[in-house]
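Novice: Take a look at this one; I'll ask things after.
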Amino acid sequence: MANNGRPGAVRKLKKGPTTGTGGHGRKALEGKGPTPKAEDRPYHKAYKNKQLAERSEAKRAGGSRGAGARSGPKGRATEEVVTGRNSVVEALRAGIPAKALHVAIRIEMDDRVKESLKLAAERGIPLLETGKPELDRMTDDAVHQGLVLQIPPYDYQDAYDLAEQTVDRWKKGHVTNAPLFVALDGITDPRNLGAIIRSVSAFSGHGVIVPERRSVGVTAAAWKTSAGAAVRVPVARASNLNNALKQFKSMGIFVLGLDGDGDVSLPDLTLATEPVCIVVGSEGKGLSRLVRENCDQIVSIPIDSAMESLNASMAVGISLYEVSRQRAAK
């Protein structure tokens, strides 16, 4: 039997070329490339473990216990936090500048918490009630015990500008003592920096110079060790310590390096009454080769032969005392 069908049920094909997909079908069939490693996938457990490991390594490399720094553009610290009840209350007692005190919601009160709240209120530091997840995020999961103190980044002066201003004021008679600076070469312990700042303040120094790289900065630990002297003594940064020392010499500032194998013994120092910059290296390594070459004199402190070297801050304190003594005698 013939199948008549209904009219129009059969679609007639047009003759000639048909419109193509433009390659869309082929692109849809393409793959998305190799599967990323588990540690590179943000929602995978391995990724989170990798992030925690990197944070822990960063803390071990550059932080003191109870404090941590966050990094901003070009690796510069944008803020620092002091964590833990003992550390926070001690920081507040030392008068360390602070942006805010974060207190956990429904924190269990003890004497340290009460004193922290009292000190912060007396200094006008904002008190912020913060949830535990946010405190964990701020401290990179460090033990904070419900207290986190935010420290603003230190405002460093430029080393050249500080030296130029000090020399200019001295020549005009606005400063009675000849310019006196201390430069740090390879010092990484913030407690050493704090102790050096304290000695510079005690012996009428005009500033401390720290390199921009591979050097300690003014952290909460440095503030605490300085016992408030960091408010009075400016700390300046030099992008390159060797270049800064050359600029100091061009201004008439004598550069004296401290080292056990010195050209002159400290009691025989004849440049103490002149503008000077004392450079101290790390304990054990001492001064770097280039810094040593840029010194006008290498000065040694006479010590007992059984003692190999002095702590950097102790060596600076002894040297500043001798400079101060000779200046007073003159």
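Residues in the structure tokens are numbered from 1 in each chain, the chains being A, B, ... in the order shown, and ligands are numbered from 1 in the order shown.
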Could you pull the residues within 6 Å of range 236-241 of chain A, counting only C-alpha atoms, minus those fewer than 6 positions along the same chain, as a PDB file with N, CA, C and O atoms, in the first residue's frame?
Specialist:
ATOM      1  N   TYR A 156      59.986  54.717  58.528  1.00  0.00           N
ATOM      2  CA  TYR A 156      61.435  54.892  58.433  1.00  0.00           C
ATOM      3  C   TYR A 156      61.795  56.185  57.709  1.00  0.00           C
ATOM      4  O   TYR A 156      61.154  56.554  56.724  1.00  0.00           O
ATOM      5  N   GLN A 157      62.836  56.854  58.179  1.00  0.00           N
ATOM      6  CA  GLN A 157      63.400  57.979  57.448  1.00  0.00           C
ATOM      7  C   GLN A 157      64.388  57.459  56.409  1.00  0.00           C
ATOM      8  O   GLN A 157      64.832  56.309  56.461  1.00  0.00           O
ATOM      9  N   ASP A 158      64.753  58.307  55.467  1.00  0.00           N
ATOM     10  CA  ASP A 158      65.797  57.960  54.508  1.00  0.00           C
ATOM     11  C   ASP A 158      67.154  58.234  55.155  1.00  0.00           C
ATOM     12  O   ASP A 158      67.359  59.281  55.788  1.00  0.00           O
ATOM     13  N   ALA A 159      68.092  57.315  55.004  1.00  0.00           N
ATOM     14  CA  ALA A 159      69.385  57.425  55.676  1.00  0.00           C
ATOM     15  C   ALA A 159      70.133  58.683  55.246  1.00  0.00           C
ATOM     16  O   ALA A 159      70.706  59.404  56.082  1.00  0.00           O
ATOM     17  N   ILE A 209      70.942  53.334  61.479  1.00  0.00           N
ATOM     18  CA  ILE A 209      70.786  53.051  60.052  1.00  0.00           C
ATOM     19  C   ILE A 209      70.685  51.542  59.857  1.00  0.00           C
ATOM     20  O   ILE A 209      71.549  50.793  60.336  1.00  0.00           O
ATOM     21  N   VAL A 210      69.642  51.083  59.164  1.00  0.00           N
ATOM     22  CA  VAL A 210      69.495  49.655  58.868  1.00  0.00           C
ATOM     23  C   VAL A 210      69.342  49.485  57.350  1.00  0.00           C
ATOM     24  O   VAL A 210      68.697  50.309  56.695  1.00  0.00           O
ATOM     25  N   PRO A 211      69.938  48.439  56.789  1.00  0.00           N
ATOM     26  CA  PRO A 211      69.748  48.174  55.357  1.00  0.00           C
ATOM     27  C   PRO A 211      68.310  47.744  55.070  1.00  0.00           C
ATOM     28  O   PRO A 211      67.607  47.247  55.955  1.00  0.00           O
ATOM     29  N   GLU A 212      67.895  47.925  53.832  1.00  0.00           N
ATOM     30  CA  GLU A 212      66.526  47.573  53.454  1.00  0.00           C
ATOM     31  C   GLU A 212      66.341  46.073  53.322  1.00  0.00           C
ATOM     32  O   GLU A 212      65.254  45.556  53.560  1.00  0.00           O
TER      33      GLU A 212
END
Novice: So that I can check the surroundings of Leu271 in chain A, please list as a VMD selection string every protein, DNA and RNA residue that reaches within 12 Å of it, counting only C-alpha atoms and ignoring chain neighbours fewer than 2 positions away.
Specialist: chain A and resid 178 180 252 to 256 264 to 269 273 to 278 296 to 299 322 to 324 326 to 327
Novice: Among range 46-293 of chain A, which ones does DSSP place in helix (DSSP H, G or I), written as an MDAnalysis selection string?
Specialist: chainID A and resid 46:62 73:75 85:93 111:123 132:138 159:171 190:202 220:226 229:231 241:250 266:268 289:293
Novice: If I take CA of Val316 in chain A and CA of Ile187 in chain A, how far is one from the other in Å, to one decimal?
Specialist: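 Here the two named atoms are 12.3 Å from each other.
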Novice: Excluding Thr225 in chain A and residues on its chain fewer than 6 positions from it, collect all residues at most 7 Å away from it, counting only C-alpha atoms, and give them as an mmCIF file with N, CA and C atoms, in the first residue's frame.
Specialist:
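Everything below was put into out-v4.cif:
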data_model
loop_
_atom_site.group_PDB
_atom_site.id
_atom_site.type_symbol
_atom_site.label_atom_id
_atom_site.label_comp_id
_atom_site.auth_asym_id
_atom_site.auth_seq_id
_atom_site.Cartn_x
_atom_site.Cartn_y
_atom_site.Cartn_z
ATOM 1 N N ARG A 191 65.794 42.149 69.034
ATOM 2 C CA ARG A 191 66.179 42.535 70.390
ATOM 3 C C ARG A 191 67.518 43.269 70.393
ATOM 4 N N GLY A 194 66.667 46.775 69.301
ATOM 5 C CA GLY A 194 66.065 47.532 70.397
ATOM 6 C C GLY A 194 67.096 47.983 71.419
ATOM 7 N N ALA A 195 68.036 47.094 71.748
ATOM 8 C CA ALA A 195 69.076 47.451 72.722
ATOM 9 C C ALA A 195 70.014 48.519 72.163
#
Novice: Counting only C-alpha atoms, which of A:Leu119, A:Arg93, A:Val231, A:Val143 gets nearest to Asp155 in chain A?
Specialist: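 The answer is A:Val231, which sits nearest to Asp155 in chain A.
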Novice: If we count only C-alpha atoms, what is near range 128-135 of chain A at a cut-off of 6 Å, once residues fewer than 5 positions away on the same chain are taken out, given as a PyMOL selection string?
Specialist: chain A and resi 102-105
Novice: Would you please work out which residue, of A:Gly186, A:Gly317, A:Pro97, A:Gly262, is nearest to Ser288 in chain A when using only C-alpha atoms?
Specialist: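 Looking only at the distances to Ser288 in chain A, the closest residue turns out to be A:Gly186.
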Novice: Give me, please, the distance in Å between CA of Leu117 in chain A and CA of Thr219 in chain A, quoted to one decimal.
Specialist: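 Result for CA of Leu117 in chain A versus CA of Thr219 in chain A: 22.0 Å, one decimal.
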Novice: Ranking A:Ala183, A:Val200, A:Met314, A:Leu193 by minimum distance to Gly257 in chain A and counting only C-alpha atoms, which one comes first?
Specialist: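 Using only C-alpha atoms, the shortest distance to Gly257 in chain A belongs to A:Ala183.
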